[in-house]
Every structure is written in structure tokens, then in C-alpha cells.
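Enquirer: Can you keep this structure in mind? I'll have questions shortly.
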Amino acid sequence: MKFRNTQFRLLIRVLVLTALAPIAMAQTEQPPQQQFQATVYPQAGIFAGRMTELNIYIDGYTPDDEAAQLRELLKTKGPDALLSTIEKLKGKGRVAVVGTTGWSVPVIRQHPAANGGRRLVFFGNRPMSFFEVAEQPITTQYPFGLMILDVDAQGKGDGLLYPVCKVKFNKQGELEVENFGIAPAKVVNVRLAR
């Protein structure tokens with residue numbers, strides 16, 4: 001199922017554009033390792049209302065020059081080339097359902113927000129099940145995952161998770177994200193653990 005709301009697609013363009021665009025906040029500064037905890041719950045589909053606890057680890061941020069290269073790669077060679085490159089990048093952190101080791105996240109960006117807060121953007125290739133790899137259903141055409149967290153100066157906040165999506169530039173040169181599901185999952189009760 002594809003969600004084609006124009007306002008929704010515009011919002012996603014802005015969010016992903018900021019994930020890959022250079023900004024004023026230095027991305028090369030290596031922060032102390034950070035861990036967030038959060039609760040995710042899908043808003044639609046068969047998993048609607050089923051809450052899942054996440055641990056989110058940040059070891060570093062994607063530098064501005066690397067983000068610019070990834071953006072240019074997507075623009076000139078398309079999403080397959082971007083996927084191939086992202087799969088080879090060293091993870092900047094990881095996301096794990098509580099009780100699991102989780103999966104590596106190759107692109108993590110931070111952007112300043114009001115009142116000392118920040119927007120954290122996590123982007124990368126998503127984990128695929130054995131069934132997906134073997135049977136190649138339509139979901140394999142959505143190889144990326146995207147999570148946006150808005151946190152205040154104390155590390156508390158909320159966000160959205162697009163666990164199955166694809167990215168591309170449209171004919172107007174705008175970056176688009178197409179979510180496979182009806183709506184993104186909400187990420188709530190985000191808190192800085194350490």
C-alpha cells in the first residue's frame with residue numbers, strides 16, 4: 001500500500017533533504033556515545049497498536065561531505081547505487097528492539113532545533129527477512145529505513161519511523177520518500193538513557 005498524501009510527501013522531502021544536506025551544526029564532532037530509549041507503535045496495518053521498546057545507540061555522525069556525496073550519488077546514479085554504497089559504510093550507531101542486538105545504521109545526522117533541542121535523522125538499508133530475500137515480494141523494492149527524532153535539550157521527545165521505504169529525486173529535482181505502509185509508526189517516550 002502506498003500513502004500518496006501531498007502534504008505528507010512534502011514533509012518527507014524536507015526531512016530526508018535535511019538528512020543528506022550539510023548544515024550549520026558540525027557533524028564531524030564526535031559526541032560521547034549516546035543511548036536513547038523509545039517506544040514505537042504502528043498507527044495502521046496488522047501491527048497497529050502493538051508497542052515495541054527500542055534502544056537507539058549513537059557512536060558518531062555522518063560528516064557533511066559524506067552526506068553530500070550520498071545525495072549526489074542518489075541524484076546521478078539512483079537508489080540502487082545509493083543502497084550499494086550505504087551497505088558498505090561503517091555504522092554510526094544501531095537500533096535494537098529490546099532484547100536483541102539490533103542492526104547497524106550507516107547514516108546519522110543531527111540538526112539544531114529550538115530551545116537547545118535537536119533533530120536526529122537515522123537513515124540506512126533496512127534488515128530484510130529470509131523470506132524477503134528468497135521470495136522477492138514487492139517490499140524488496142523498498143530497501144531503506146528512516147527514523148526522525150525530535151528531542152529537547154534534556155534528550156526527551158518523539159518522532160516517526162518509516163521502516164520500509166524508498167527514496168528518489170522526482171522530475172522537479174526534489175527528494176522524495178515513499179513509505180510502503182499506510183502511515184509511519186510513531187516513536188514516543190524518547191529519552192536519553194546515557
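Identifiers in the C-alpha cells: chain A, B, ... in order shown; residue index from 1 per chain; ligand index from 1 in order shown.
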Write out as a ChimeraX atom specification which residues come within 12 Å of Phe122 in chain A when counting only C-alpha atoms, dropping same-chain ones fewer than 2 positions away.
Expert: /A:15-16,18-20,56-58,60-62,91-95,103-111,119-120,124-126,144-150,159-163
Enquirer: Based on the selection just made, write N, CA and C atoms of those residues as a CSV table (one decimal), in the first residue's frame.
Expert:
```csv
chain,number,residue,atom,x,y,z
A,15,LEU,N,12.3,16.3,5.4
A,15,LEU,CA,13.0,15.5,6.4
A,15,LEU,C,14.2,14.8,5.8
A,16,VAL,N,14.1,14.2,4.6
A,16,VAL,CA,15.2,13.5,4.0
A,16,VAL,C,16.2,14.4,3.5
A,18,THR,N,17.1,17.1,4.7
A,18,THR,CA,17.9,17.5,5.9
A,18,THR,C,18.8,16.4,6.3
A,19,ALA,N,18.4,15.2,6.1
A,19,ALA,CA,19.3,14.0,6.4
A,19,ALA,C,20.5,14.0,5.6
A,20,LEU,N,20.4,14.4,4.4
A,20,LEU,CA,21.6,14.3,3.5
A,20,LEU,C,22.3,15.6,3.2
A,56,ILE,N,18.4,2.9,21.1
A,56,ILE,CA,19.0,3.6,20.0
A,56,ILE,C,20.3,4.0,20.4
A,57,TYR,N,21.4,3.6,19.7
A,57,TYR,CA,22.8,3.9,20.1
A,57,TYR,C,23.4,4.8,19.0
A,58,ILE,N,24.1,5.9,19.5
A,58,ILE,CA,24.8,6.8,18.5
A,58,ILE,C,26.2,6.8,18.9
A,60,GLY,N,28.5,8.1,16.5
A,60,GLY,CA,29.1,9.3,15.7
A,60,GLY,C,28.0,9.7,14.7
A,61,TYR,N,28.4,10.8,14.0
A,61,TYR,CA,27.5,11.4,13.0
A,61,TYR,C,28.2,11.3,11.6
A,62,THR,N,27.3,11.3,10.6
A,62,THR,CA,27.8,11.3,9.2
A,62,THR,C,28.3,12.7,8.9
A,91,GLY,N,28.8,1.6,10.3
A,91,GLY,CA,27.7,2.1,11.1
A,91,GLY,C,28.1,3.2,12.0
A,92,LYS,N,27.2,4.2,12.1
A,92,LYS,CA,27.4,5.3,13.0
A,92,LYS,C,26.7,5.1,14.3
A,93,GLY,N,25.9,4.0,14.4
A,93,GLY,CA,25.2,3.6,15.6
A,93,GLY,C,24.3,2.4,15.2
A,94,ARG,N,23.4,2.1,16.1
A,94,ARG,CA,22.5,1.0,15.8
A,94,ARG,C,21.2,1.2,16.5
A,95,VAL,N,20.2,0.5,16.0
A,95,VAL,CA,18.8,0.5,16.6
A,95,VAL,C,18.5,-1.0,16.9
A,103,TRP,N,20.4,-3.7,14.5
A,103,TRP,CA,21.0,-3.5,13.2
A,103,TRP,C,21.7,-2.2,13.1
A,104,SER,N,22.8,-2.2,12.3
A,104,SER,CA,23.6,-1.0,12.2
A,104,SER,C,22.9,0.1,11.3
A,105,VAL,N,23.2,1.3,11.7
A,105,VAL,CA,22.6,2.5,11.0
A,105,VAL,C,23.8,3.2,10.4
A,106,PRO,N,24.0,3.3,9.1
A,106,PRO,CA,25.1,3.9,8.4
A,106,PRO,C,25.1,5.4,8.3
A,107,VAL,N,23.9,6.0,8.4
A,107,VAL,CA,23.8,7.5,8.2
A,107,VAL,C,23.0,8.0,9.4
A,108,ILE,N,23.7,8.8,10.3
A,108,ILE,CA,23.0,9.5,11.4
A,108,ILE,C,23.4,11.0,11.3
A,109,ARG,N,22.4,11.9,11.2
A,109,ARG,CA,22.7,13.3,11.2
A,109,ARG,C,22.0,14.0,12.3
A,110,GLN,N,22.5,15.1,12.8
A,110,GLN,CA,21.8,15.9,13.8
A,110,GLN,C,21.6,17.3,13.3
A,111,HIS,N,20.6,17.9,13.7
A,111,HIS,CA,20.2,19.3,13.2
A,111,HIS,C,19.7,20.1,14.4
A,119,ARG,N,17.2,17.7,16.1
A,119,ARG,CA,16.5,16.7,15.3
A,119,ARG,C,17.6,15.7,14.9
A,120,LEU,N,17.3,14.4,15.2
A,120,LEU,CA,18.2,13.3,14.9
A,120,LEU,C,17.6,12.5,13.7
A,124,GLY,N,19.2,4.4,6.5
A,124,GLY,CA,20.1,3.3,6.0
A,124,GLY,C,19.3,2.2,5.3
A,125,ASN,N,20.1,1.2,5.0
A,125,ASN,CA,19.4,0.0,4.4
A,125,ASN,C,18.7,-0.7,5.6
A,126,ARG,N,17.6,-1.3,5.3
A,126,ARG,CA,16.8,-1.9,6.4
A,126,ARG,C,17.1,-3.5,6.4
A,144,PHE,N,15.0,0.8,2.1
A,144,PHE,CA,15.6,1.7,3.1
A,144,PHE,C,14.7,1.9,4.3
A,145,GLY,N,15.3,2.3,5.4
A,145,GLY,CA,14.6,2.7,6.6
A,145,GLY,C,14.9,4.1,7.0
A,146,LEU,N,14.0,4.8,7.6
A,146,LEU,CA,14.2,6.2,8.0
A,146,LEU,C,13.5,6.4,9.4
A,147,MET,N,14.3,7.1,10.3
A,147,MET,CA,13.7,7.4,11.6
A,147,MET,C,14.1,8.9,11.9
A,148,ILE,N,13.1,9.7,12.3
A,148,ILE,CA,13.4,11.1,12.7
A,148,ILE,C,12.9,11.3,14.1
A,149,LEU,N,13.9,11.7,15.0
A,149,LEU,CA,13.5,12.0,16.4
A,149,LEU,C,13.8,13.5,16.6
A,150,ASP,N,12.8,14.1,17.3
A,150,ASP,CA,12.9,15.5,17.7
A,150,ASP,C,13.1,15.4,19.2
A,159,GLY,N,9.0,11.1,17.7
A,159,GLY,CA,9.4,11.1,16.3
A,159,GLY,C,8.6,10.2,15.4
A,160,LEU,N,9.1,9.9,14.3
A,160,LEU,CA,8.4,9.0,13.3
A,160,LEU,C,9.4,8.0,12.8
A,161,LEU,N,8.9,6.8,12.5
A,161,LEU,CA,9.7,5.7,11.9
A,161,LEU,C,9.1,5.2,10.6
A,162,TYR,N,9.8,5.2,9.6
A,162,TYR,CA,9.5,4.7,8.2
A,162,TYR,C,10.3,3.4,8.0
A,163,PRO,N,9.8,2.3,8.5
A,163,PRO,CA,10.7,1.1,8.5
A,163,PRO,C,10.9,0.5,7.1
```
Enquirer: For Lys75 in chain A, find every residue with an atom within 9 Å (counting only C-alpha atoms), except residues of its own chain fewer than 3 positions away, and show them as a list of chain:residue names.
Expert: A:Leu70, A:Arg71, A:Glu72, A:Gly78, A:Pro79, A:Lys168, A:Phe169, A:Gly173, A:Leu175
Enquirer: Which of these, A:Gln154, A:Gln69, A:Lys186, A:Leu192, has the shortest distance to Met51 in chain A once you count only C-alpha atoms?
Expert: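 Distance minimum relative to Met51 in chain A lands on A:Lys186.
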Enquirer: I'd like to know which of A:Val177, A:Leu74, A:Val190, A:Ile138 is closest to Asp158 in chain A, using only C-alpha atoms.
Expert: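 Among the listed residues, A:Val190 lies closest to Asp158 in chain A.
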Enquirer: Considering only C-alpha atoms, can you say which of A:Asn179, A:Ser84, A:Gln37, A:Gln172 comes closest to Tyr142 in chain A?
Expert: A:Asn179
Enquirer: Given only C-alpha atoms as the basis, pick out the residue of A:Ala114, A:Leu89, A:Ala38, A:Glu132 nearest to Asn189 in chain A.
Expert: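 When distances to Asn189 in chain A are compared using only C-alpha atoms, the smallest one comes from A:Ala38.
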Enquirer: So, with only C-alpha atoms as the atoms that count, which of A:Val97, A:Ala183, A:Pro127, A:Pro143 lies closest to Glu53 in chain A?
Expert: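 Looking at the shortest contact to Glu53 in chain A, the residue is A:Val97.
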Enquirer: Which is closest to Ala185 in chain A among A:Lys171, A:Gln33, A:Val40, A:Lys90, if we use only C-alpha atoms?
Expert: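 Using only C-alpha atoms, the shortest distance to Ala185 in chain A belongs to A:Val40.
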Enquirer: Quick check for you: according to DSSP on this backbone, which residues of range 96-180 of chain A are classed as strand (DSSP E or B)? Reply as an NGL selection string.
Expert: :A and (96-97 or 103-105 or 107-112 or 118-125 or 144-151 or 157-169 or 175-179)
Enquirer: Go ahead and save the picked residues with C-alpha atoms, as a short mmCIF file (atom, residue, chain, number, x, y, z; two decimals), in the first residue's frame.
Expert:
```cif
data_model
loop_
_atom_site.label_atom_id
_atom_site.label_comp_id
_atom_site.auth_asym_id
_atom_site.auth_seq_id
_atom_site.Cartn_x
_atom_site.Cartn_y
_atom_site.Cartn_z
CA ALA A 96 17.73 -2.57 18.57
CA VAL A 97 14.43 -3.94 19.74
CA TRP A 103 21.01 -3.54 13.21
CA SER A 104 23.62 -1.02 12.16
CA VAL A 105 22.64 2.48 10.97
CA VAL A 107 23.80 7.49 8.24
CA ILE A 108 23.03 9.53 11.36
CA ARG A 109 22.66 13.31 11.17
CA GLN A 110 21.82 15.92 13.78
CA HIS A 111 20.24 19.30 13.20
CA PRO A 112 19.76 22.13 15.71
CA ARG A 118 17.90 18.84 18.03
CA ARG A 119 16.51 16.68 15.27
CA LEU A 120 18.20 13.31 14.86
CA VAL A 121 17.83 11.59 11.49
CA PHE A 122 18.71 7.90 11.07
CA PHE A 123 18.84 6.53 7.50
CA GLY A 124 20.08 3.29 6.02
CA ASN A 125 19.42 -0.03 4.42
CA PHE A 144 15.58 1.74 3.11
CA GLY A 145 14.56 2.67 6.63
CA LEU A 146 14.24 6.20 8.03
CA MET A 147 13.67 7.44 11.59
CA ILE A 148 13.37 11.07 12.68
CA LEU A 149 13.54 12.01 16.35
CA ASP A 150 12.95 15.49 17.73
CA VAL A 151 14.48 15.80 21.20
CA GLY A 157 10.98 13.84 22.66
CA ASP A 158 9.19 11.91 19.95
CA GLY A 159 9.40 11.11 16.26
CA LEU A 160 8.40 8.98 13.32
CA LEU A 161 9.68 5.69 11.91
CA TYR A 162 9.45 4.69 8.25
CA PRO A 163 10.68 1.10 8.47
CA VAL A 164 10.11 0.21 4.80
CA CYS A 165 10.62 2.99 2.25
CA LYS A 166 12.36 4.04 -0.95
CA VAL A 167 13.98 7.32 -1.95
CA LYS A 168 14.41 9.12 -5.28
CA PHE A 169 14.55 12.52 -6.92
CA LEU A 175 14.00 14.43 -2.95
CA GLU A 176 11.05 12.10 -2.22
CA VAL A 177 10.49 9.29 0.23
CA GLU A 178 7.77 6.76 -0.48
CA ASN A 179 6.64 4.82 2.58
#
```
Enquirer: If we count only C-alpha atoms, what is near Ala44 in chain A at a cut-off of 9 Å, once residues fewer than 3 positions away on the same chain are taken out, given as a tab-separated table (two decimals) with C-alpha atoms, in the first residue's frame?
Expert:
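Below you can see result.tsv, which holds the result:
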```tsv
chain	number	residue	atom	x	y	z
A	47	PHE	CA	0.69	-4.29	13.75
A	48	ALA	CA	-1.39	-1.22	14.72
A	49	GLY	CA	-1.33	-0.62	18.45
A	181	GLY	CA	2.81	1.35	4.68
A	182	ILE	CA	-0.27	3.46	5.13
A	183	ALA	CA	1.37	5.71	7.71
A	184	PRO	CA	4.68	5.84	9.56
A	185	ALA	CA	4.98	4.40	13.04
```
Enquirer: As a PyMOL selection string, list the residues of chain A assigned to alpha helix (DSSP H) by DSSP on the backbone atoms of this structure.
Expert: chain A and resi 6-20+64-77+79-88+130-135
Enquirer: Rounded to one decimal, what separation in Å do you get between CA of Ala113 in chain A and CA of Ala153 in chain A?
Expert: 9.3 Å
Enquirer: Quote the spacing between CA of Asp152 in chain A and CA of Leu54 in chain A in Å to one decimal place.
Expert: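 Distance reported for this atom pair: 18.6 Å.
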